[in-house]
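Novice: See work-v8.tsv below, with TSV, C-alpha atoms and all ligand atoms.
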chain	number	residue	atom	x	y	z
A	1	MET	CA	104.46	126.32	-22.54
A	2	LYS	CA	103.13	129.64	-23.76
A	3	ILE	CA	102.40	131.18	-20.37
A	4	ASP	CA	104.48	134.14	-19.28
A	5	LYS	CA	107.27	132.99	-17.06
A	6	THR	CA	106.52	134.45	-13.68
A	7	PRO	CA	106.43	131.34	-11.55
A	8	ILE	CA	106.78	131.81	-7.83
A	9	ILE	CA	108.80	128.65	-7.58
A	10	ILE	CA	110.14	126.22	-10.12
A	11	VAL	CA	111.45	123.24	-8.27
A	12	PHE	CA	113.26	120.18	-9.51
A	13	ARG	CA	114.28	118.78	-6.18
A	14	PHE	CA	115.42	115.39	-5.16
A	15	SER	CA	113.67	113.43	-2.49
A	16	LEU	CA	115.05	113.90	0.99
A	17	SER	CA	114.51	110.34	2.08
A	18	LEU	CA	113.45	108.21	-0.89
A	19	GLN	CA	115.40	107.98	-4.13
A	20	LYS	CA	114.05	109.21	-7.46
A	21	LYS	CA	115.05	108.49	-11.03
A	22	ASP	CA	114.73	111.58	-13.26
A	23	THR	CA	114.38	115.35	-13.09
A	24	MET	CA	111.53	116.27	-15.48
A	25	PRO	CA	108.49	117.71	-13.69
A	26	GLU	CA	105.60	115.29	-13.96
A	27	VAL	CA	103.21	117.08	-11.61
A	28	GLY	CA	102.05	120.64	-12.14
A	29	ILE	CA	101.00	122.35	-8.91
A	30	ILE	CA	98.99	125.51	-9.51
A	31	MET	CA	97.16	127.80	-7.12
A	32	GLY	CA	94.98	130.86	-7.44
A	33	SER	CA	97.07	133.12	-5.22
A	34	LYS	CA	100.33	133.30	-3.33
A	35	SER	CA	98.15	133.28	-0.21
A	36	ASP	CA	97.42	129.59	-1.04
A	37	LEU	CA	101.09	128.63	-0.90
A	38	HIS	CA	101.22	127.71	2.79
A	39	ILE	CA	98.68	124.97	2.03
A	40	MET	CA	99.91	123.93	-1.42
A	41	GLN	CA	103.46	123.59	-0.13
A	42	GLU	CA	102.28	120.39	1.58
A	43	ALA	CA	101.72	118.81	-1.84
A	44	ALA	CA	105.22	119.83	-2.86
A	45	ASP	CA	106.72	118.47	0.36
A	46	ILE	CA	105.20	115.00	0.01
A	47	LEU	CA	106.18	114.85	-3.67
A	48	ASP	CA	109.72	115.68	-2.57
A	49	HIS	CA	109.54	112.87	-0.05
A	50	LEU	CA	108.29	110.42	-2.68
A	51	GLY	CA	110.83	111.50	-5.27
A	52	VAL	CA	108.38	112.92	-7.80
A	53	ASP	CA	109.38	116.02	-9.79
A	54	TYR	CA	106.95	118.90	-9.90
A	55	GLU	CA	106.68	122.54	-10.81
A	56	MET	CA	104.69	125.23	-8.99
A	57	ASN	CA	102.90	128.23	-10.47
A	58	ILE	CA	100.34	130.86	-9.54
A	59	VAL	CA	97.56	130.72	-12.11
A	60	SER	CA	94.40	132.60	-11.20
A	61	ALA	CA	91.18	131.66	-12.99
A	62	HIS	CA	89.63	135.06	-12.26
A	63	ARG	CA	92.59	137.44	-12.33
A	64	THR	CA	94.63	135.79	-15.11
A	65	PRO	CA	92.16	133.76	-17.19
A	66	ASP	CA	94.39	133.83	-20.29
A	67	ARG	CA	97.30	132.46	-18.26
A	68	MET	CA	95.07	129.69	-16.92
A	69	TYR	CA	93.96	128.85	-20.45
A	70	ASP	CA	97.52	128.67	-21.75
A	71	TYR	CA	98.70	126.60	-18.80
A	72	ALA	CA	95.86	124.10	-19.03
A	73	LYS	CA	96.07	123.77	-22.82
A	74	ASN	CA	99.83	123.17	-22.83
A	75	ALA	CA	100.78	121.36	-19.61
A	76	HIS	CA	100.55	117.88	-21.16
A	77	LYS	CA	102.78	118.97	-24.04
A	78	GLN	CA	105.49	119.78	-21.48
A	79	GLY	CA	105.46	116.31	-19.93
A	80	ILE	CA	103.16	117.08	-17.02
A	81	LYS	CA	101.07	114.00	-16.21
A	82	VAL	CA	98.86	115.23	-13.36
A	83	ILE	CA	97.77	118.72	-12.34
A	84	ILE	CA	97.10	119.64	-8.72
A	85	ALA	CA	95.05	122.85	-8.54
A	86	GLY	CA	94.29	124.65	-5.29
A	87	ALA	CA	91.94	127.59	-4.78
A	88	GLY	CA	89.74	129.16	-2.13
A	89	GLY	CA	86.39	130.92	-2.01
A	90	ALA	CA	84.72	130.91	-5.45
A	91	ALA	CA	87.25	128.27	-6.45
A	92	HIS	CA	87.01	127.95	-10.23
A	93	LEU	CA	90.64	127.13	-11.01
A	94	PRO	CA	90.48	123.30	-10.69
A	95	GLY	CA	87.24	122.91	-12.64
A	96	MET	CA	88.16	125.33	-15.40
A	97	THR	CA	91.59	123.74	-15.73
A	98	ALA	CA	89.94	120.31	-15.96
A	99	SER	CA	87.69	121.61	-18.73
A	100	LEU	CA	90.74	122.55	-20.83
A	101	THR	CA	93.22	119.71	-20.26
A	102	PRO	CA	93.21	116.00	-21.08
A	103	LEU	CA	95.25	115.41	-17.88
A	104	PRO	CA	93.77	114.28	-14.57
A	105	VAL	CA	93.16	117.23	-12.24
A	106	ILE	CA	93.21	116.97	-8.46
A	107	GLY	CA	91.44	119.85	-6.74
A	108	VAL	CA	92.43	121.23	-3.35
A	109	PRO	CA	89.75	123.38	-1.68
A	110	ILE	CA	91.42	126.02	0.47
A	111	LYS	CA	89.95	127.85	3.43
A	112	SER	CA	91.14	131.24	2.24
A	113	ARG	CA	90.49	134.68	3.67
A	114	ASN	CA	87.63	135.20	1.18
A	115	SER	CA	86.06	131.86	2.05
A	116	ILE	CA	82.95	131.92	4.25
A	117	ASP	CA	83.68	128.68	6.07
A	118	GLY	CA	85.48	126.46	3.56
A	119	TRP	CA	82.31	124.85	2.22
A	120	ASP	CA	82.19	127.38	-0.63
A	121	SER	CA	85.61	126.20	-1.82
A	122	VAL	CA	84.77	122.52	-1.31
A	123	LEU	CA	81.50	122.66	-3.23
A	124	SER	CA	82.91	124.85	-6.02
A	125	ILE	CA	85.53	122.19	-6.72
A	126	LEU	CA	83.56	119.05	-5.85
A	127	GLN	CA	80.26	119.51	-7.67
A	128	MET	CA	81.49	119.26	-11.25
A	129	PRO	CA	79.10	118.49	-14.10
A	130	GLY	CA	79.23	115.09	-15.81
A	131	GLY	CA	82.14	114.74	-18.23
A	132	ILE	CA	84.58	117.08	-16.46
A	133	PRO	CA	85.91	115.29	-13.37
A	134	VAL	CA	88.02	116.89	-10.65
A	135	ALA	CA	89.37	114.51	-7.99
A	136	THR	CA	88.61	116.65	-4.95
A	137	VAL	CA	90.51	116.12	-1.71
A	138	ALA	CA	89.57	117.40	1.75
A	139	LEU	CA	89.62	121.08	2.73
A	140	ASP	CA	93.29	122.14	2.84
A	141	GLY	CA	94.14	118.55	1.87
A	142	ALA	CA	97.15	119.32	-0.30
A	143	LYS	CA	99.23	116.50	1.20
A	144	ASN	CA	96.73	113.90	0.02
A	145	ALA	CA	96.62	115.59	-3.38
A	146	GLY	CA	100.37	115.04	-3.65
A	147	ILE	CA	100.08	111.39	-2.63
A	148	LEU	CA	97.23	110.82	-5.09
A	149	ALA	CA	99.23	112.40	-7.91
A	150	ALA	CA	102.16	110.12	-7.07
A	151	LYS	CA	99.88	107.08	-7.10
A	152	ILE	CA	98.44	108.01	-10.51
A	153	ILE	CA	101.93	108.39	-11.95
A	154	GLY	CA	103.19	105.38	-10.04
A	155	ALA	CA	100.73	103.07	-11.78
A	156	GLN	CA	103.11	103.26	-14.77
A	157	GLN	CA	106.36	103.41	-12.78
A	158	PRO	CA	107.33	100.36	-10.70
A	159	GLU	CA	110.13	102.24	-8.87
A	160	LEU	CA	107.70	104.91	-7.73
A	161	LEU	CA	105.23	102.24	-6.64
A	162	ASN	CA	108.01	100.78	-4.51
A	163	ARG	CA	108.60	104.19	-2.91
A	164	LEU	CA	104.86	104.52	-2.25
A	165	GLU	CA	104.85	101.13	-0.56
A	166	LYS	CA	107.81	102.24	1.53
A	167	TYR	CA	105.92	105.41	2.49
A	168	MET	CA	102.86	103.37	3.50
A	169	GLU	CA	105.11	101.16	5.60
A	170	GLU	CA	106.49	104.30	7.30
A	171	LEU	CA	102.93	105.37	8.16
A	172	LYS	CA	102.15	101.96	9.58
A	173	GLN	CA	105.33	101.92	11.64
A	174	LYS	CA	104.54	105.34	13.13
A	175	VAL	CA	101.18	104.07	14.37
A	176	LEU	CA	102.75	100.91	15.79
A	177	ASP	CA	105.48	102.97	17.49
A	178	SER	CA	102.95	105.36	19.02
A	179	ALA	CA	100.85	102.43	20.26
A	180	HIS	CA	103.96	100.86	21.72
A	181	ASP	CA	104.84	104.11	23.52
A	182	LEU	CA	101.49	104.44	25.29
B	1	LIG	C1	91.22	132.54	-4.69
B	1	LIG	O1	90.94	133.58	-3.84
B	1	LIG	C2	92.63	132.16	-4.40
B	1	LIG	O2	92.86	130.82	-4.74
B	1	LIG	C3	92.75	132.37	-2.92
B	1	LIG	O3	92.46	131.18	-2.21
B	1	LIG	C4	91.65	133.37	-2.64
B	1	LIG	C5	92.13	134.69	-2.07
B	1	LIG	O4	93.11	135.24	-2.90
B	1	LIG	P1	93.92	136.51	-2.40
B	1	LIG	O5	92.94	137.64	-2.26
B	1	LIG	O6	94.55	136.14	-1.07
B	1	LIG	O7	94.95	136.76	-3.46
B	1	LIG	O8	91.06	132.89	-6.04
Kindly transcribe the structure held in the file into structure tokens.
Ligand code: RP5

Specialist:
Amino acid sequence: MKIDKTPIIIVFRFSLSLQKKDTMPEVGIIMGSKSDLHIMQEAADILDHLGVDYEMNIVSAHRTPDRMYDYAKNAHKQGIKVIIAGAGGAAHLPGMTASLTPLPVIGVPIKSRNSIDGWDSVLSILQMPGGIPVATVALDGAKNAGILAAKIIGAQQPELLNRLEKYMEELKQKVLDSAHDL
């Protein structure tokens, strides 16, 4: 990729509880600011759990537009299959990235310090014009963004689909256990 190499984190971690099969990042997690990391880390954590490799970068649409352009134009050439983009306030990063890449983009609206009430971020990411989709998750919904990315990739990877089914079973069991404990 042509972007300058100042990533905050480049992670090629193995799942803590479910096994994975390779170490090439398939999900690109980007965010507009380091102040978004506490939310976007939830996408990284669930991808770890599901055994999906990812990389993380700060790519600001407003402060580093050239870096955003280079990232979005080249991510698919580096083997990235899905981009998760998080931003707050006037959140242009997911939509602008989607306008430049052939990859699916999942947008995470973030209730940042420059956000009025979160709705500005949600609507900036959600209300895309026809032809340039961004799959928008809930406000601060980075965990679901990670799961959705895994499901998109998993459609072509039976082993990952198995891990997703195992994860869904874990969720079900937690509910049943909590009901049992009442
Ligand atoms: C957005 O502005 C970023 O994605 C972040 O959510 C928000 C505030 O950025 P900082 O001022 O904290 O760097 O572009």

Novice: For Ala149 of chain A, please output as JSON, numbers by chain all residues within 9 Å (counting only C-alpha atoms; exclusion window: fewer than 6 positions along the same chain).

Specialist: {"A": [27, 47, 81, 82, 83, 84, 104, 105, 106]}

Novice: I'd like the interatomic distance between atom CA of Met56 of chain A and atom CA of Gly146 of chain A, to a tenth of an Å.

Specialist: 12.3 Å

Novice: Which residues are close to Pro129 of chain A, i.e. within 12 Å by all atoms listed in the file, leaving aside same-chain residues fewer than 3 positions away? Reply as a PyMOL selection string.

Specialist: chain A and resi 95-96+98-99+123-126+132-134

Novice: Hey, which residues sit close to ligand LIG 1 (chain B)? Say within 9 Å, counting all atoms listed in the file, and write them as a ChimeraX atom specification.

Specialist: /A:31-36,58-63,86-93,109-115,121

Novice: In terms of the shortest atom-to-atom distance over all atoms listed in the file, which of A:Gly154, A:Gly107, A:Gly130, A:Thr101 is closest to Ala85 of chain A?

Specialist: A:Gly107

Novice: So that all listed atoms of segment 169-182 of chain A fit with 5 Å spare on each side, what axis-aligned box centre and edge lengths in Å, to one decimal, would you give as AutoDock Vina command-line options?

Specialist:
--center_x 103.7 --center_y 103.1 --center_z 15.4 --size_x 15.6 --size_y 14.5 --size_z 29.7

Novice: Kindly give the distance, in Å, that separates atom CA of Tyr54 of chain A and atom CA of Asp117 of chain A, rounded to a single decimal.

Specialist: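 Atom-to-atom, atom CA of Tyr54 of chain A to atom CA of Asp117 of chain A, that is 29.9 Å.
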
Novice: Could you check how far atom CA of Met24 of chain A sits from atom CA of Asp53 of chain A, in Å to one decimal?

Specialist: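 Between atom CA of Met24 of chain A and atom CA of Asp53 of chain A the gap works out to 6.1 Å.
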
Novice: Give me the residues near Ala145 of chain A as JSON, numbers by chain, where near means some atom within 9 Å (using only C-alpha atoms) and where sequence neighbours in that chain fewer than 2 positions away do not count.

Specialist: {"A": [42, 43, 84, 106, 107, 108, 135, 136, 137, 138, 141, 142, 143, 147, 148, 149, 150]}

Novice: I need the residue nearest Leu100 of chain A from this list: A:Asn144, A:Ala72, A:Gly118, A:Val52. Use only C-alpha atoms for the distance.

Specialist: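 Using only C-alpha atoms, Leu100 of chain A sits closest to A:Ala72.
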
Novice: Kindly indicate which residue among A:Leu176, A:Met68, A:Ala155, A:Leu50 lies nearest to Pro94 of chain A, using only C-alpha atoms for the distances.

Specialist: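 Of the candidates, the smallest distance to Pro94 of chain A is held by A:Met68.
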
Novice: Taking all atoms listed in the file into account, name the residue in A:Pro25, A:Gly131, A:Gly79, A:Pro65 that is nearest to Gly51 of chain A.

Specialist: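 Closest candidate: A:Pro25.
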
Novice: Of the candidates A:Lys172, A:His76, A:His49, A:Lys166, which shows the shortest atom-to-atom distance to Glu26 of chain A, using all atoms listed in the file?

Specialist: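 Nearest to Glu26 of chain A: A:His76.
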